[in-house]
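*Asks:* Quick one: structure below, then a few questions.
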Amino acid sequence: MAIGELYLAMPRPDDNFAGDFQTNNFNSRLWELYLFAAFREQDITVTQPLPSPDFLLERDGHSCWVEAVTANAEEPYAQGFTTPAPPPDDRAERLIGAPAERFAKTLRSKLQREYDKAPHVTGQSFAFAIADFHAPGSMVWSREALPSYLYGIHAQVGEGPEGPFAFAESVAKLRGSHSIPAGLFRDPAMAHLSAVIFSNAATLGKFNRMGLLAGWRPQGLSMVREGLIFDRTPGALEPKTFRLDVLSEEYARLWPGGEAWCQELEVFHNPMATHPIDFDLIPGATHWFEENGELMCSAYWECSVLSSMTHLKIETPKDGITQEKSKQAG
């Protein structure tokens with residue numbers, strides 16, 4: 001129901017949009033619907049005046065063209081309720097290895113299309129919006145690989161007189177046989193790319209929760225969300241955990257007004273951008289930017305979920321037995 005309502009609200013979806021949900025483009029179309037919902041929720045005027053880029057965002061005198069793209073597997077895997085892929089055991093591999101390489105290949109492939117040279121885009125802000133579907137459930141653990149690639153840094157933990165502390169180590173190349181240069185935003189030739197927008201919430205888990213919270217509640221259905229929350233305690237190096245019923249008051253109190261589409265949306269700003277994106281254009285996102293050589297974060301939401309899984313349970317009316325039907329990323 002949530003997917004259908006958003007599709008009907010889109011100003012100008014492609015002719016093959018609905019059919020793609022039944023083929024190999026399911027993830028790409030779900031990502032576009034998520035973006036549309038997350039943008040529109042923030043009082044952004046979202047239009048699709050031309051076939052490409054996908055969206056034109058306008059708000060309070062600010063604007064930006066956005067092209068949606070997904071990081072996919074080299075070999076397609078079966079859609080549906082598949083077993084999630086585990087993250088790499090090695091932390092460096094997770095941050096600057098295969099996941100970062102997949103982001104890099106996807107973005108570099110799209111950059112070759114030179115969207116910035118289109119007459120309607122030239123001289124304006126332009127961003128890619130990328131989501132990760134390179135392995136089943138990979139969006140739960142691949143998030144940190146994107147800024148590692150974009151800014152060319154590897155987050156490290158050191159030991160000081162007052163205990164553990166975090167610091168950034170520069171990385172010249174990503175791991176892997178392709179030796180892809182790290183630091184897309186360090187390349188002056190990329191100044192036309194204003195930012196990269198990201199979210200790991202373009203999942204059926206997110207759409208199911210938002211549908212449930214909007215009032216579509218099949219009899220006996222309940223949802224429990226568990227995951228990791230950003231710990232804003234000064235000096236904290238590990239996230240906090242949570243596990244809550246989606247319809248509970250405690251879950252609703254995590255955010256003013258309850259769960260929103262845009263809470264997992266992040267904008268990574270290019271420090272060398274010729275036409276930067278104003279923060280006020282996408283006010284509900286978490287913004288990452290450089291200040292005095294340091295990567296900074298500005299978040300609208302005090303409680304930021306880094307990753308989560310949503311457990312769907314159904315209590316059958318006949319025997320009262322509760323069964324876990326599925327576990328979904330997001």
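Going through the structure tokens in order, the chains are called A, B, and so on, while each chain numbers its residues from 1 and the ligands are numbered from 1 in the order shown.
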Might you pull out every residue within 9 Å of A:Val140, with only C-alpha atoms counted and same-chain residues fewer than 5 positions away left off, and present them as a list of chain:residue names?

*Replies:* A:Pro87, A:Asn200, A:Ala201, A:Leu306, A:Ser307, A:Ser308, A:Met309, A:Ala329, A:Gly330

*Asks:* For the contact check between stretch 176-280 of chain A and stretch 57-73 of chain A, emit one row per residue of stretch 176-280 of chain A within 8 Å, containing the shortest atom pair and the distance in Å rounded to one decimal, counting only C-alpha atoms, chain then rising number order, as a tab-separated table.

*Replies:*
residue	atom	partner	partner_atom	distance
A:Ile277	CA	A:Cys64	CA	7.0
A:Asp278	CA	A:His62	CA	6.8
A:Asp280	CA	A:His62	CA	7.7

*Asks:* Store the residues picked out above, limited to all heavy atoms, as a compact mmCIF listing (two decimals), in the first residue's frame.

*Replies:*
# COMPACT_ATOMS: atom_id res chain seq x y z
N ILE A 277 25.43 22.42 -2.43
CA ILE A 277 24.03 22.29 -2.03
C ILE A 277 23.85 23.00 -0.69
O ILE A 277 24.59 22.73 0.26
CB ILE A 277 23.61 20.82 -1.90
CG1 ILE A 277 23.66 20.13 -3.27
CG2 ILE A 277 22.21 20.70 -1.31
CD1 ILE A 277 23.32 18.66 -3.22
N ASP A 278 22.88 23.88 -0.62
CA ASP A 278 22.60 24.55 0.64
C ASP A 278 21.94 23.57 1.61
O ASP A 278 21.07 22.80 1.24
CB ASP A 278 21.67 25.76 0.40
CG ASP A 278 21.62 26.68 1.60
OD1 ASP A 278 20.93 26.34 2.58
OD2 ASP A 278 22.25 27.75 1.55
N ASP A 280 19.78 24.07 3.77
CA ASP A 280 18.35 24.33 3.93
C ASP A 280 17.51 23.69 2.82
O ASP A 280 16.29 23.63 2.94
CB ASP A 280 18.08 25.84 3.94
CG ASP A 280 18.56 26.49 5.23
OD1 ASP A 280 18.71 25.77 6.24
OD2 ASP A 280 18.80 27.71 5.22

*Asks:* Rounded to one decimal place, report the atom CA of A:Ser304-atom CA of A:Ile229 distance in Å.

*Replies:*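 Rounded to one decimal, the two atoms are 5.6 Å apart.
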
*Asks:* Contacts of A:Pro11 at 9 Å or less, counting only C-alpha atoms, minus same-chain residues fewer than 6 places along, as a PyMOL selection string?

*Replies:* chain A and resi 46-49

*Asks:* Please dump the current selection as a compact mmCIF listing (two decimals), in the first residue's frame; keep N, CA and C atoms.

*Replies:*
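So result-v3.txt came out as:
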# COMPACT_ATOMS: atom_id res chain seq x y z
N VAL A 46 9.25 18.55 -5.39
CA VAL A 46 9.94 17.51 -6.17
C VAL A 46 9.24 17.38 -7.52
N THR A 47 9.95 17.66 -8.60
CA THR A 47 9.39 17.54 -9.94
C THR A 47 10.28 16.64 -10.79
N GLN A 48 9.72 16.20 -11.89
CA GLN A 48 10.44 15.38 -12.87
C GLN A 48 10.21 15.97 -14.25
N PRO A 49 10.75 17.19 -14.47
CA PRO A 49 10.46 17.91 -15.71
C PRO A 49 11.04 17.26 -16.96

*Asks:* Of the candidates A:Gly215, A:His154, A:Leu35, A:Gly97, which one gets nearest to A:Ser177 if we count only C-alpha atoms?

*Replies:* A:Gly97

*Asks:* Determine the nearest neighbour of A:Glu226 from the options A:Leu150, A:Ala127, A:Leu244, A:Met210, counting only C-alpha atoms.

*Replies:*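 Ranked by minimum distance to A:Glu226, first place goes to A:Leu244.
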
*Asks:* Can you pull out the residues contacting A:Tyr7? Cut-off 10 Å, using only C-alpha atoms, and skip same-chain residues under 2 positions away; I want them as a VMD selection string.

*Replies:* chain A and resid 1 to 5 9 to 13 17 to 18 29 to 30 32 to 33 36 to 37

*Asks:* Identify, on the basis of only C-alpha atoms, every residue whose closest approach to A:Asn16 does not exceed 12 Å; exclude the query and any residue fewer than 5 positions from it along the same chain; express the result as a list of chain:residue names.

*Replies:* A:Phe21, A:Gln22, A:Thr23, A:Asn25, A:Phe26, A:Arg29

*Asks:* Keeping N, CA, C and O atoms, export the residues of the selection given above as an mmCIF file, in the first residue's frame.

*Replies:*
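Output file out19.cif is given in full below:
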data_model
loop_
_atom_site.group_PDB
_atom_site.id
_atom_site.type_symbol
_atom_site.label_atom_id
_atom_site.label_comp_id
_atom_site.auth_asym_id
_atom_site.auth_seq_id
_atom_site.Cartn_x
_atom_site.Cartn_y
_atom_site.Cartn_z
ATOM 1 N N PHE A 21 9.069 -3.380 -11.226
ATOM 2 C CA PHE A 21 8.930 -4.043 -9.930
ATOM 3 C C PHE A 21 8.811 -5.562 -10.072
ATOM 4 O O PHE A 21 8.974 -6.292 -9.104
ATOM 5 N N GLN A 22 8.519 -6.023 -11.252
ATOM 6 C CA GLN A 22 8.384 -7.456 -11.495
ATOM 7 C C GLN A 22 9.612 -8.032 -12.192
ATOM 8 O O GLN A 22 9.615 -9.201 -12.585
ATOM 9 N N THR A 23 10.644 -7.226 -12.351
ATOM 10 C CA THR A 23 11.849 -7.668 -13.059
ATOM 11 C C THR A 23 13.083 -7.354 -12.219
ATOM 12 O O THR A 23 12.996 -7.214 -10.999
ATOM 13 N N ASN A 25 14.782 -4.683 -11.943
ATOM 14 C CA ASN A 25 14.965 -3.294 -11.506
ATOM 15 C C ASN A 25 14.157 -2.951 -10.262
ATOM 16 O O ASN A 25 13.902 -1.780 -9.983
ATOM 17 N N PHE A 26 13.762 -3.967 -9.507
ATOM 18 C CA PHE A 26 12.968 -3.732 -8.302
ATOM 19 C C PHE A 26 13.684 -2.784 -7.338
ATOM 20 O O PHE A 26 13.103 -1.813 -6.853
ATOM 21 N N ARG A 29 13.842 0.943 -8.481
ATOM 22 C CA ARG A 29 12.558 1.650 -8.397
ATOM 23 C C ARG A 29 12.156 1.894 -6.946
ATOM 24 O O ARG A 29 11.582 2.944 -6.622
#

*Asks:* Which residue gives the smallest distance to A:Ile180 among A:Met139, A:Ala104, A:Val196, A:Ala129, with only C-alpha atoms counted?

*Replies:* A:Ala104

*Asks:* Could you tell me how far atom CA of A:Phe165 lies from atom CA of A:Arg91, in Å and to one decimal?

*Replies:*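 Between atom CA of A:Phe165 and atom CA of A:Arg91 the gap is 16.5 Å.
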
*Asks:* Just asking: which residues within stretch 90-212 of chain A are strand (DSSP E) according to DSSP, as a list in words?

*Replies:*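 Residues of stretch 90-212 of chain A classed as strand (DSSP E): Phe126, Ala127, Phe128, Ala129, Ile130, Ala131, Asp132, Phe133, Ile153, His154, Ala155, Gln156, Val157, Gly158, Glu159, Gly160, Gly163, Pro164, Phe165, Ala166, Phe167, Ala168, Glu169, Ser170, Ala195, Val196, Ile197 and Phe198 of chain A.
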
*Asks:* Enter the distance from atom CA of A:Glu294 to atom CA of A:Gly152, in Å, rounded to one decimal.

*Replies:* 12.3 Å
